[in-house]
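Participant: So here's final11.txt, just compact mmCIF, C-alpha atoms:
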```txt
# COMPACT_ATOMS: atom_id res chain seq x y z
CA MET A 1 22.98 6.75 28.43
CA SER A 2 26.18 4.73 28.75
CA GLN A 3 27.77 4.51 32.15
CA GLY A 4 30.15 7.34 32.97
CA SER A 5 32.07 8.99 35.73
CA ASP A 6 29.11 11.17 36.63
CA GLY A 7 27.39 8.15 38.13
CA LYS A 8 24.39 8.38 35.81
CA GLY A 9 24.90 4.82 34.57
CA ILE A 10 24.87 3.49 38.14
CA TYR A 11 21.68 5.48 38.80
CA LEU A 12 20.00 4.01 35.71
CA ASP A 13 21.16 0.48 36.55
CA LYS A 14 19.56 0.72 39.96
CA ILE A 15 16.18 1.82 38.59
CA PHE A 16 15.86 0.35 35.09
CA TYR A 17 17.79 -2.92 35.26
CA ALA A 18 16.94 -6.15 37.10
CA ASP A 19 18.15 -9.71 37.43
CA PRO A 20 15.94 -12.18 35.51
CA GLU A 21 15.07 -14.01 38.74
CA SER A 22 13.42 -10.90 40.13
CA ILE A 23 10.90 -10.59 37.28
CA ASP A 24 7.57 -12.27 38.01
CA PRO A 25 5.94 -13.00 34.60
CA GLU A 26 2.50 -12.87 36.22
CA ARG A 27 3.10 -9.32 37.45
CA HIS A 28 4.64 -7.89 34.29
CA ILE A 29 3.93 -7.44 30.60
CA VAL A 30 7.18 -8.53 28.98
CA ALA A 31 8.27 -7.10 25.62
CA LYS A 32 11.09 -8.35 23.42
CA TYR A 33 12.80 -5.81 21.13
CA TYR A 34 15.36 -6.03 18.37
CA VAL A 35 17.65 -2.99 18.51
CA GLU A 36 20.50 -1.45 16.57
CA SER A 37 22.33 1.30 18.45
CA GLU A 38 25.69 2.88 19.11
CA LEU A 39 24.97 2.12 22.76
CA ASP A 40 25.59 -1.35 24.13
CA LEU A 41 22.50 -3.53 24.38
CA LYS A 42 21.96 -3.00 28.08
CA ALA A 43 22.09 0.79 27.72
CA ALA A 44 19.88 0.66 24.63
CA GLY A 45 17.34 -1.41 26.54
CA MET A 46 17.42 1.03 29.43
CA ALA A 47 16.77 3.85 26.98
CA ILE A 48 13.53 2.06 26.07
CA ALA A 49 12.65 1.26 29.69
CA THR A 50 13.29 4.86 30.72
CA GLU A 51 11.27 6.46 27.95
CA GLU A 52 8.35 4.04 28.19
CA SER A 53 7.87 4.13 31.96
CA ILE A 54 8.96 6.81 34.44
CA GLY A 55 11.98 8.51 32.91
CA THR A 56 12.79 11.33 30.54
CA TRP A 57 15.92 12.72 28.91
CA THR A 58 17.31 14.08 32.17
CA GLU A 59 17.01 13.44 35.89
CA ILE A 60 14.06 15.27 37.42
CA THR A 61 13.18 16.43 40.91
CA THR A 62 9.49 15.47 40.78
CA THR A 63 9.99 11.69 40.99
CA ASN A 64 9.26 10.26 44.43
CA GLU A 65 10.41 7.03 46.07
CA TRP A 66 7.16 5.15 45.40
CA ILE A 67 7.43 5.88 41.67
CA ARG A 68 11.09 4.87 41.57
CA THR A 69 10.35 1.65 43.45
CA LYS A 70 7.07 0.44 41.95
CA LEU A 71 6.74 1.73 38.37
CA PRO A 72 9.95 1.59 36.33
CA ALA A 73 10.17 -0.81 33.41
CA LYS A 74 13.28 -2.95 33.71
CA VAL A 75 15.70 -4.54 31.28
CA PHE A 76 16.39 -8.06 32.51
CA ARG A 77 17.93 -9.87 29.54
CA THR A 78 20.01 -9.09 26.45
CA GLU A 79 21.19 -11.26 23.58
CA GLY A 80 23.64 -10.13 20.90
CA SER A 81 26.87 -8.21 20.65
CA GLY A 82 27.79 -4.54 20.72
CA GLY A 83 24.66 -2.51 20.10
CA THR A 84 22.89 -5.04 17.88
CA GLY A 85 20.63 -7.76 19.20
CA PHE A 86 17.63 -8.38 21.43
CA VAL A 87 16.57 -6.87 24.73
CA TRP A 88 13.76 -7.93 27.05
CA VAL A 89 11.92 -5.27 29.05
CA ALA A 90 9.45 -6.04 31.86
CA TYR A 91 6.65 -3.53 32.51
CA PRO A 92 5.02 -3.87 35.94
CA ILE A 93 1.25 -4.33 35.95
CA ASP A 94 0.90 -1.29 38.23
CA LEU A 95 1.99 0.92 35.33
CA PHE A 96 -1.22 0.26 33.39
CA ASP A 97 -4.82 1.38 33.48
CA LEU A 98 -6.21 -1.99 32.43
CA GLU A 99 -9.79 -1.33 33.56
CA THR A 100 -10.65 1.76 31.51
CA SER A 101 -7.86 2.33 28.98
CA GLY A 102 -7.11 -1.28 28.07
CA ILE A 103 -5.15 -2.09 24.94
CA ALA A 104 -4.58 1.61 24.15
CA ASN A 105 -2.66 2.10 27.37
CA ILE A 106 -0.72 -1.14 26.92
CA LEU A 107 0.37 -0.23 23.39
CA SER A 108 1.26 3.33 24.40
CA MET A 109 3.95 1.85 26.62
CA VAL A 110 5.29 -1.26 24.92
CA ALA A 111 5.02 0.35 21.47
CA GLY A 112 5.03 4.09 22.09
CA ASN A 113 7.69 6.79 21.77
CA LEU A 114 10.57 4.32 21.61
CA PHE A 115 10.50 4.19 17.78
CA GLY A 116 11.67 7.80 17.61
CA LEU A 117 14.49 7.62 20.15
CA SER A 118 17.65 9.13 18.68
CA ALA A 119 19.76 6.70 20.71
CA LEU A 120 18.35 3.83 18.63
CA LYS A 121 19.09 3.51 14.93
CA ASN A 122 16.46 0.80 14.56
CA VAL A 123 14.09 -0.82 17.03
CA ARG A 124 11.43 -3.46 16.46
CA LEU A 125 8.88 -4.84 18.91
CA VAL A 126 9.33 -8.53 18.19
CA ASP A 127 7.12 -10.17 20.80
CA VAL A 128 5.03 -9.44 23.86
CA ASP A 129 3.86 -11.76 26.65
CA PHE A 130 0.67 -11.00 28.56
CA PRO A 131 0.18 -12.34 32.10
CA LYS A 132 -3.00 -14.10 33.14
CA GLU A 133 -4.41 -10.96 34.78
CA VAL A 134 -4.34 -9.12 31.46
CA ALA A 135 -5.56 -12.04 29.35
CA GLU A 136 -8.58 -12.60 31.58
CA MET A 137 -9.82 -9.09 30.87
CA TYR A 138 -10.46 -9.99 27.24
CA PRO A 139 -12.96 -12.45 25.74
CA GLY A 140 -10.67 -13.92 23.13
CA PRO A 141 -12.37 -15.57 20.14
CA ARG A 142 -16.01 -16.33 20.86
CA ILE A 143 -16.31 -18.81 17.99
CA GLY A 144 -12.78 -19.94 17.18
CA ILE A 145 -11.63 -22.64 14.79
CA GLU A 146 -13.94 -25.33 16.16
CA GLY A 147 -17.01 -23.10 16.09
CA VAL A 148 -16.35 -22.09 12.49
CA ARG A 149 -15.83 -25.73 11.54
CA ARG A 150 -19.12 -26.73 13.18
CA PHE A 151 -21.00 -24.15 11.13
CA VAL A 152 -19.35 -25.18 7.86
CA GLY A 153 -19.52 -28.90 8.69
CA THR A 154 -15.84 -29.81 8.61
CA GLU A 155 -15.29 -30.93 12.22
CA THR A 156 -14.55 -34.49 11.09
CA ALA A 157 -13.09 -33.92 7.63
CA ARG A 158 -10.42 -31.51 8.82
CA ARG A 159 -9.38 -30.15 5.47
CA PRO A 160 -8.38 -26.51 4.93
CA HIS A 161 -11.28 -24.16 4.33
CA LEU A 162 -11.45 -22.54 0.93
CA GLY A 163 -12.23 -18.84 0.83
CA THR A 164 -12.63 -16.26 -1.87
CA ILE A 165 -12.63 -12.48 -2.13
CA VAL A 166 -15.19 -10.99 -4.46
CA LYS A 167 -13.37 -9.41 -7.42
CA PRO A 168 -13.11 -6.78 -8.72
CA LYS A 169 -12.62 -5.18 -5.31
CA VAL A 170 -15.21 -2.50 -5.96
CA GLY A 171 -17.65 -1.57 -8.70
CA LEU A 172 -20.05 -4.53 -8.74
CA SER A 173 -23.73 -4.08 -7.93
CA PRO A 174 -25.42 -6.17 -5.21
CA ASP A 175 -26.97 -8.44 -7.84
CA GLN A 176 -23.63 -8.93 -9.60
CA THR A 177 -21.94 -9.64 -6.28
CA ALA A 178 -24.59 -12.23 -5.39
CA ARG A 179 -24.20 -14.05 -8.71
CA ILE A 180 -20.44 -14.31 -8.18
CA CYS A 181 -20.96 -15.55 -4.61
CA TYR A 182 -23.42 -18.18 -5.82
CA ASP A 183 -21.01 -19.47 -8.43
CA ALA A 184 -18.12 -19.53 -5.97
CA ALA A 185 -20.19 -21.37 -3.35
CA ILE A 186 -21.53 -23.92 -5.82
CA GLY A 187 -17.96 -24.44 -6.99
CA GLY A 188 -16.87 -25.37 -3.48
CA VAL A 189 -15.82 -22.37 -1.36
CA ASP A 190 -16.61 -22.37 2.36
CA PHE A 191 -16.03 -18.69 2.97
CA ILE A 192 -16.62 -15.49 0.97
CA LYS A 193 -15.51 -12.03 2.01
CA ASP A 194 -15.83 -8.42 0.96
CA ASP A 195 -12.54 -6.84 0.00
CA GLU A 196 -11.09 -4.38 2.48
CA THR A 197 -12.07 -1.36 0.36
CA LEU A 198 -15.78 -2.23 0.04
CA VAL A 199 -18.15 -1.15 2.80
CA ASN A 200 -21.28 0.81 1.88
CA GLN A 201 -20.59 2.63 -1.38
CA LYS A 202 -23.54 3.85 -3.46
CA PHE A 203 -22.90 1.36 -6.24
CA CYS A 204 -23.13 -1.53 -3.74
CA PRO A 205 -24.98 -0.55 -0.56
CA LEU A 206 -24.25 -2.85 2.36
CA GLU A 207 -27.87 -3.72 3.12
CA ASP A 208 -28.75 -4.58 -0.48
CA ARG A 209 -25.51 -6.54 -0.86
CA VAL A 210 -26.13 -8.63 2.25
CA VAL A 211 -29.73 -9.37 1.28
CA ARG A 212 -28.80 -10.53 -2.23
CA VAL A 213 -25.75 -12.53 -1.19
CA MET A 214 -27.50 -14.33 1.66
CA GLU A 215 -30.37 -15.19 -0.67
CA ALA A 216 -27.81 -16.71 -3.04
CA LEU A 217 -26.14 -18.66 -0.22
CA ASP A 218 -29.52 -19.90 1.03
CA GLN A 219 -30.09 -21.23 -2.48
CA VAL A 220 -26.71 -22.96 -2.36
CA LYS A 221 -27.68 -24.60 0.93
CA SER A 222 -31.00 -25.81 -0.48
CA GLU A 223 -29.20 -27.31 -3.50
CA THR A 224 -26.15 -28.79 -1.75
CA GLY A 225 -26.81 -28.82 2.00
CA ARG A 226 -23.63 -26.79 2.56
CA ASN A 227 -23.29 -23.74 4.81
CA VAL A 228 -21.07 -20.96 3.43
CA LEU A 229 -19.82 -17.99 5.45
CA PHE A 230 -20.06 -14.45 4.10
CA ALA A 231 -17.90 -11.85 5.87
CA VAL A 232 -19.41 -8.39 5.52
CA ASN A 233 -16.96 -5.52 5.89
CA VAL A 234 -18.40 -3.14 8.49
CA THR A 235 -15.25 -1.01 8.91
CA ALA A 236 -16.23 2.61 9.60
CA ASP A 237 -16.28 5.16 12.42
CA PRO A 238 -17.67 3.59 15.63
CA GLU A 239 -21.25 4.84 15.26
CA ASN A 240 -21.59 3.71 11.67
CA MET A 241 -19.72 0.48 12.30
CA ILE A 242 -22.40 -0.57 14.78
CA LYS A 243 -25.13 0.46 12.33
CA HIS A 244 -23.47 -1.55 9.56
CA ALA A 245 -23.11 -4.59 11.81
CA GLU A 246 -26.71 -4.45 12.97
CA THR A 247 -27.92 -4.05 9.41
CA ALA A 248 -25.81 -6.97 8.25
CA ILE A 249 -26.97 -9.27 11.07
CA ASP A 250 -30.62 -8.24 10.68
CA ASN A 251 -30.42 -9.30 7.03
CA GLY A 252 -28.85 -12.68 7.65
CA ALA A 253 -25.10 -12.08 7.63
CA ASN A 254 -23.21 -14.90 9.33
CA THR A 255 -19.75 -13.27 9.66
CA LEU A 256 -18.47 -9.73 10.24
CA MET A 257 -15.18 -8.39 8.91
CA LEU A 258 -13.04 -5.67 10.51
CA ASP A 259 -10.00 -3.89 9.04
CA ILE A 260 -8.36 -3.94 12.46
CA VAL A 261 -5.28 -1.79 11.83
CA ILE A 262 -7.20 0.87 9.95
CA LEU A 263 -9.88 0.96 12.66
CA GLY A 264 -7.32 1.12 15.44
CA LEU A 265 -7.01 -1.65 18.00
CA PRO A 266 -8.83 0.23 20.81
CA THR A 267 -11.85 0.57 18.50
CA VAL A 268 -11.71 -3.15 17.81
CA GLU A 269 -11.49 -3.78 21.56
CA TRP A 270 -14.57 -1.66 22.21
CA PHE A 271 -16.56 -3.19 19.35
CA ILE A 272 -16.00 -6.81 20.37
CA LYS A 273 -16.19 -6.38 24.16
CA SER A 274 -19.34 -4.23 23.98
CA HIS A 275 -21.29 -6.04 21.24
CA ASP A 276 -21.66 -9.79 20.80
CA PHE A 277 -23.31 -10.39 17.45
CA HIS A 278 -22.93 -14.18 17.85
CA VAL A 279 -21.10 -14.61 14.56
CA PRO A 280 -17.41 -15.10 13.70
CA ILE A 281 -15.22 -12.02 13.51
CA HIS A 282 -12.92 -12.06 10.48
CA MET A 283 -9.94 -9.75 10.98
CA HIS A 284 -8.24 -8.21 7.96
CA ARG A 285 -4.77 -6.71 8.50
CA ALA A 286 -4.82 -4.05 5.75
CA MET A 287 -2.14 -1.37 6.37
CA HIS A 288 -0.13 -3.67 8.66
CA ALA A 289 2.96 -3.61 6.44
CA ALA A 290 3.50 0.06 7.29
CA PHE A 291 4.97 -1.22 10.56
CA THR A 292 5.54 -4.98 10.10
CA ARG A 293 7.43 -5.20 6.81
CA ASN A 294 10.83 -3.86 7.87
CA PRO A 295 12.49 -6.69 9.85
CA ARG A 296 14.72 -4.18 11.71
CA HIS A 297 12.18 -1.55 12.74
CA GLY A 298 8.53 -1.31 13.69
CA ILE A 299 6.27 -4.03 15.11
CA SER A 300 6.14 -7.69 14.16
CA MET A 301 3.08 -9.47 12.80
CA LEU A 302 3.37 -11.84 15.76
CA VAL A 303 2.55 -8.98 18.13
CA LEU A 304 -0.47 -8.02 16.03
CA ALA A 305 -1.58 -11.68 16.01
CA LYS A 306 -1.37 -11.85 19.82
CA VAL A 307 -3.42 -8.68 20.23
CA ALA A 308 -5.96 -9.84 17.63
CA ARG A 309 -6.48 -13.13 19.48
CA LEU A 310 -6.70 -11.35 22.81
CA LEU A 311 -9.35 -8.97 21.50
CA GLY A 312 -11.49 -11.71 19.95
CA GLY A 313 -10.66 -12.41 16.30
CA ASP A 314 -11.88 -15.79 15.03
CA GLN A 315 -9.99 -15.57 11.73
CA LEU A 316 -6.91 -13.46 10.96
CA HIS A 317 -4.94 -12.74 7.78
CA VAL A 318 -1.30 -13.67 8.35
CA GLY A 319 0.28 -13.70 4.88
CA SER A 320 0.91 -16.75 2.75
CA GLY A 321 3.45 -19.45 2.12
CA ALA A 322 3.34 -18.58 -1.58
CA GLY A 323 1.56 -15.84 -3.53
CA LYS A 324 1.85 -12.08 -4.02
CA MET A 325 1.86 -11.58 -0.23
CA GLY A 326 3.99 -14.66 0.43
CA GLY A 327 7.28 -13.87 2.14
CA GLU A 328 6.72 -10.12 2.36
CA GLU A 329 8.32 -10.25 5.78
CA GLY A 330 10.97 -12.43 4.19
CA ARG A 331 10.86 -15.02 6.95
CA LYS A 332 8.99 -18.33 6.66
CA ALA A 333 10.06 -19.07 10.24
CA GLU A 334 8.13 -16.01 11.46
CA LEU A 335 5.03 -17.09 9.54
CA SER A 336 5.26 -20.56 11.09
CA GLU A 337 5.59 -18.98 14.53
CA ILE A 338 2.45 -16.89 13.97
CA ILE A 339 0.48 -19.89 12.72
CA GLY A 340 1.66 -21.96 15.67
CA PHE A 341 0.65 -19.27 18.13
CA LEU A 342 -2.86 -18.82 16.71
CA ARG A 343 -3.51 -22.55 17.04
CA SER A 344 -1.78 -23.06 20.39
CA ASP A 345 -3.23 -23.37 23.89
CA TRP A 346 -2.96 -19.84 25.30
CA HIS A 347 -4.59 -18.47 28.44
CA GLY A 348 -7.65 -20.64 27.82
CA LYS A 349 -8.59 -18.67 24.69
CA ARG A 350 -10.18 -20.38 21.70
CA LYS A 351 -7.93 -20.97 18.72
CA VAL A 352 -7.88 -18.68 15.68
CA PHE A 353 -8.12 -19.71 12.02
CA PRO A 354 -5.02 -18.33 10.25
CA VAL A 355 -5.92 -17.03 6.80
CA ALA A 356 -3.57 -17.22 3.81
CA SER A 357 -4.38 -14.66 1.14
CA GLY A 358 -2.85 -12.66 -1.69
CA GLY A 359 -2.14 -13.82 -5.24
CA ILE A 360 -2.97 -17.47 -4.54
CA HIS A 361 -4.05 -19.83 -7.32
CA PRO A 362 -4.32 -23.66 -7.45
CA GLY A 363 -0.64 -24.04 -8.31
CA PHE A 364 0.28 -22.38 -5.00
CA VAL A 365 -1.94 -24.60 -2.83
CA PRO A 366 0.70 -27.28 -2.08
CA ALA A 367 3.25 -24.69 -0.93
CA ASN A 368 0.70 -23.15 1.42
CA TYR A 369 -0.51 -26.53 2.63
CA ARG A 370 3.05 -27.45 3.53
CA VAL A 371 3.37 -24.32 5.70
CA PHE A 372 -0.14 -24.25 7.23
CA GLY A 373 -1.37 -27.85 7.39
CA ASN A 374 -5.11 -28.56 7.63
CA ASP A 375 -6.32 -25.87 10.03
CA PHE A 376 -6.29 -22.73 7.90
CA VAL A 377 -8.35 -20.76 5.41
CA ILE A 378 -6.80 -20.41 1.96
CA ASN A 379 -8.22 -17.38 0.16
CA ALA A 380 -8.12 -16.92 -3.60
CA GLY A 381 -9.55 -13.91 -5.42
CA GLY A 382 -8.04 -13.66 -8.89
CA GLY A 383 -7.03 -17.32 -8.59
CA ILE A 384 -10.73 -18.22 -8.66
CA HIS A 385 -12.39 -15.46 -10.67
CA GLY A 386 -9.59 -15.43 -13.24
CA HIS A 387 -10.09 -19.05 -14.23
CA PRO A 388 -10.67 -19.31 -18.01
CA MET A 389 -13.92 -21.21 -17.40
CA GLY A 390 -15.25 -18.71 -14.86
CA THR A 391 -15.77 -18.41 -11.12
CA ARG A 392 -17.51 -21.75 -10.56
CA ALA A 393 -14.72 -23.65 -12.29
CA GLY A 394 -12.12 -21.54 -10.49
CA ALA A 395 -13.56 -22.51 -7.12
CA ALA A 396 -13.70 -26.15 -8.20
CA ALA A 397 -10.05 -26.02 -9.26
CA MET A 398 -9.01 -24.67 -5.87
CA ARG A 399 -11.03 -27.36 -4.07
CA GLN A 400 -9.44 -29.99 -6.27
CA ALA A 401 -6.00 -28.68 -5.39
CA ILE A 402 -6.87 -28.83 -1.69
CA ASP A 403 -8.25 -32.36 -2.04
CA ALA A 404 -5.07 -33.42 -3.83
CA CYS A 405 -2.92 -32.10 -0.99
CA VAL A 406 -5.01 -33.77 1.70
CA ALA A 407 -4.81 -37.06 -0.24
CA GLY A 408 -1.07 -36.67 -0.78
CA VAL A 409 -1.39 -36.72 -4.56
CA PRO A 410 0.78 -34.41 -6.74
CA LEU A 411 -1.22 -31.69 -8.52
CA ASP A 412 -0.18 -32.73 -12.00
CA GLU A 413 -1.31 -36.28 -11.28
CA TYR A 414 -4.62 -35.15 -9.78
CA ALA A 415 -5.20 -32.78 -12.69
CA LYS A 416 -5.31 -35.67 -15.17
CA ASN A 417 -8.83 -36.50 -14.02
CA HIS A 418 -9.96 -33.00 -12.99
CA GLU A 419 -10.43 -30.62 -15.89
CA GLU A 420 -10.81 -27.42 -13.86
CA LEU A 421 -7.52 -28.01 -12.08
CA ARG A 422 -5.76 -28.96 -15.30
CA ILE A 423 -6.84 -25.74 -17.00
CA ALA A 424 -5.84 -23.65 -13.96
CA ILE A 425 -2.34 -25.16 -13.99
CA GLU A 426 -2.07 -24.51 -17.72
CA ARG A 427 -3.03 -20.88 -17.06
CA TRP A 428 -0.87 -20.09 -14.01
CA GLY A 429 1.56 -22.96 -13.62
CA GLU A 430 2.50 -24.95 -10.54
CA MET A 431 5.00 -24.11 -7.82
CA ARG A 432 7.35 -27.07 -7.51
CA LEU A 433 8.28 -28.04 -3.97
CA SER A 434 11.73 -29.02 -2.84
CA GLU A 435 12.25 -31.99 -0.56
CA ASP A 436 13.55 -29.95 2.39
```
How does the structure come out when it is put into structure tokens?

Facilitator:
Amino acid sequence: MSQGSDGKGIYLDKIFYADPESIDPERHIVAKYYVESELDLKAAGMAIATEESIGTWTEITTTNEWIRTKLPAKVFRTEGSGGTGFVWVAYPIDLFDLETSGIANILSMVAGNLFGLSALKNVRLVDVDFPKEVAEMYPGPRIGIEGVRRFVGTETARRPHLGTIVKPKVGLSPDQTARICYDAAIGGVDFIKDDETLVNQKFCPLEDRVVRVMEALDQVKSETGRNVLFAVNVTADPENMIKHAETAIDNGANTLMLDIVILGLPTVEWFIKSHDFHVPIHMHRAMHAAFTRNPRHGISMLVLAKVARLLGGDQLHVGSGAGKMGGEEGRKAELSEIIGFLRSDWHGKRKVFPVASGGIHPGFVPANYRVFGNDFVINAGGGIHGHPMGTRAGAAAMRQAIDACVAGVPLDEYAKNHEELRIAIERWGEMRLSED
């Protein structure tokens, strides 16, 4: 792929390379890649552009002038030295079947065969920018942060929302699940979700579970006046996913949960564009680390976050500032970038609640609050249900930790007058924050 005396490099330059000034961001989908290669960055980028648009491993006689002029992806920027660094590739809108193939066709190009190219030792899709024409084809979040806050009643008191995951993941009956949800809601949670592995198993059928849990949450509302969201996992094949969603909504469910990576993003696209159930969509990212965890290869969580917002997620798991999932990508800066994107103004789309989850207990709340601020959902499973005094006290301890952060009071100080928090800190400890 490097330039040589046979003129191949000049041929590739002419077709797959462009000056930055010639790239119209409103007529291209622009992808940023990190690459490691024995080729120089420009040649490595052209290897991607060639493979993902109109080229193949050799020159062919079946390419006509219109194809060569209108459809090639083009490298237009590089940053780094040797064969290690970043390359930007612009894909012309005319390459895509946006009307009928949608996100599947987009991903097949910007994140397709390039990961197996022998010319690239490592390659990672770091970011992708969608022009207005693409963004307008998707609904984006139908509820968004503000809609969720209106339902819960926190538009004015803009504290973080407290969520919990019913634990154990699987094995509880509908009645047992409902009792746990009642205790968690009375203790102070705003949001309760199924775990990603629970859908409609015989020991906890979806319909029975939804009926019992919503009865429990109705009781909580009658006792406290508070609305609590319950995200029902409807992940399944398309036919059964619709059946699960309809069953959940018919029995009072106020949030639906999708395992978006496991389902496949085109399935998520179809589900949300074709069916408006008028409730928030909570997006779980289970299986994401298969392609996001390696910082040198695969696809970044930022890309998944952009697609999730485009497709219509109202809440999205993004990792945590501290906990068992905290720092799995090893980059707090990347997490901050994802959070910032989800809450930014972007193509007129509603903003998305970032969700912190995984091994979080009250002692980790300040570290997460420092990273996320007020507009996020902090999920605790074991950190609530593992409290020595039980689920209700565990939820209270987490709310107390949140209240302490919002008030700017250190946890150990706040715990002096809040027994549930004090006992939680004695059980799990407290993550001390540096001054940086």

Participant: Excluding range 208-221 of chain A and residues on its chain fewer than 5 positions from it, collect all residues at most 8 Å away from it, counting all atoms listed in the file, and give them as number ranges by chain.

Facilitator: A: 173-175, 177-179, 181-182, 185-186, 226-228, 230, 232, 248, 251-253

Participant: So which one's closest to Ala393 in chain A, A:Met431, A:Leu421, A:Met283, A:Val406? Using all atoms listed in the file, please.

Facilitator: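 Among A:Met431, A:Leu421, A:Met283, A:Val406, it is A:Leu421 that comes nearest to Ala393 in chain A.
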
Participant: Would you kindly return, as number ranges by chain, each protein, DNA or RNA residue with an atom no farther than 8 Å from any atom of Pro238 in chain A, considering only C-alpha atoms and excluding same-chain residues fewer than 2 positions away?

Facilitator: A: 236, 240-242, 267, 271

Participant: Could you please determine the separation between CA of Thr50 in chain A and CA of Val75 in chain A in Å, to one decimal place?

Facilitator: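 The value is 9.7 Å.
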
Participant: If we count only C-alpha atoms, what is near Gly147 in chain A at a cut-off of 12 Å, once residues fewer than 2 positions away on the same chain are taken out, given as a PDB file with C-alpha atoms, in the coordinates of the input?

Facilitator:
```pdb
ATOM      1  CA  PRO A 141     -12.370 -15.570  20.140  1.00  0.00           C
ATOM      2  CA  ARG A 142     -16.010 -16.330  20.860  1.00  0.00           C
ATOM      3  CA  ILE A 143     -16.310 -18.810  17.990  1.00  0.00           C
ATOM      4  CA  GLY A 144     -12.780 -19.940  17.180  1.00  0.00           C
ATOM      5  CA  ILE A 145     -11.630 -22.640  14.790  1.00  0.00           C
ATOM      6  CA  ARG A 149     -15.830 -25.730  11.540  1.00  0.00           C
ATOM      7  CA  ARG A 150     -19.120 -26.730  13.180  1.00  0.00           C
ATOM      8  CA  PHE A 151     -21.000 -24.150  11.130  1.00  0.00           C
ATOM      9  CA  VAL A 152     -19.350 -25.180   7.860  1.00  0.00           C
ATOM     10  CA  GLY A 153     -19.520 -28.900   8.690  1.00  0.00           C
ATOM     11  CA  THR A 154     -15.840 -29.810   8.610  1.00  0.00           C
ATOM     12  CA  GLU A 155     -15.290 -30.930  12.220  1.00  0.00           C
ATOM     13  CA  HIS A 278     -22.930 -14.180  17.850  1.00  0.00           C
ATOM     14  CA  VAL A 279     -21.100 -14.610  14.560  1.00  0.00           C
ATOM     15  CA  PRO A 280     -17.410 -15.100  13.700  1.00  0.00           C
ATOM     16  CA  ILE A 281     -15.220 -12.020  13.510  1.00  0.00           C
ATOM     17  CA  ASP A 314     -11.880 -15.790  15.030  1.00  0.00           C
ATOM     18  CA  GLN A 315      -9.990 -15.570  11.730  1.00  0.00           C
ATOM     19  CA  ARG A 350     -10.180 -20.380  21.700  1.00  0.00           C
ATOM     20  CA  LYS A 351      -7.930 -20.970  18.720  1.00  0.00           C
ATOM     21  CA  VAL A 352      -7.880 -18.680  15.680  1.00  0.00           C
ATOM     22  CA  PHE A 353      -8.120 -19.710  12.020  1.00  0.00           C
TER      23      PHE A 353
END
```

Participant: Quick one: residues within 10 Å of Ala308 in chain A, all atoms listed in the file counted, chain neighbours fewer than 3 positions away excluded, as number ranges by chain?

Facilitator: A: 140-141, 260-261, 265, 268-269, 283, 285, 302-305, 311-316, 342, 352

Participant: Expressed in Å to a single decimal, how great is the separation between CA of Glu223 in chain A and CA of Ile402 in chain A?

Facilitator: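 According to the coordinates, CA of Glu223 in chain A and CA of Ile402 in chain A are separated by 22.5 Å.
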
Participant: Which one of A:Phe16, A:Ala322, A:Ser118, A:Arg124 sits closest to Ala73 in chain A if you count all atoms listed in the file?

Facilitator: A:Phe16
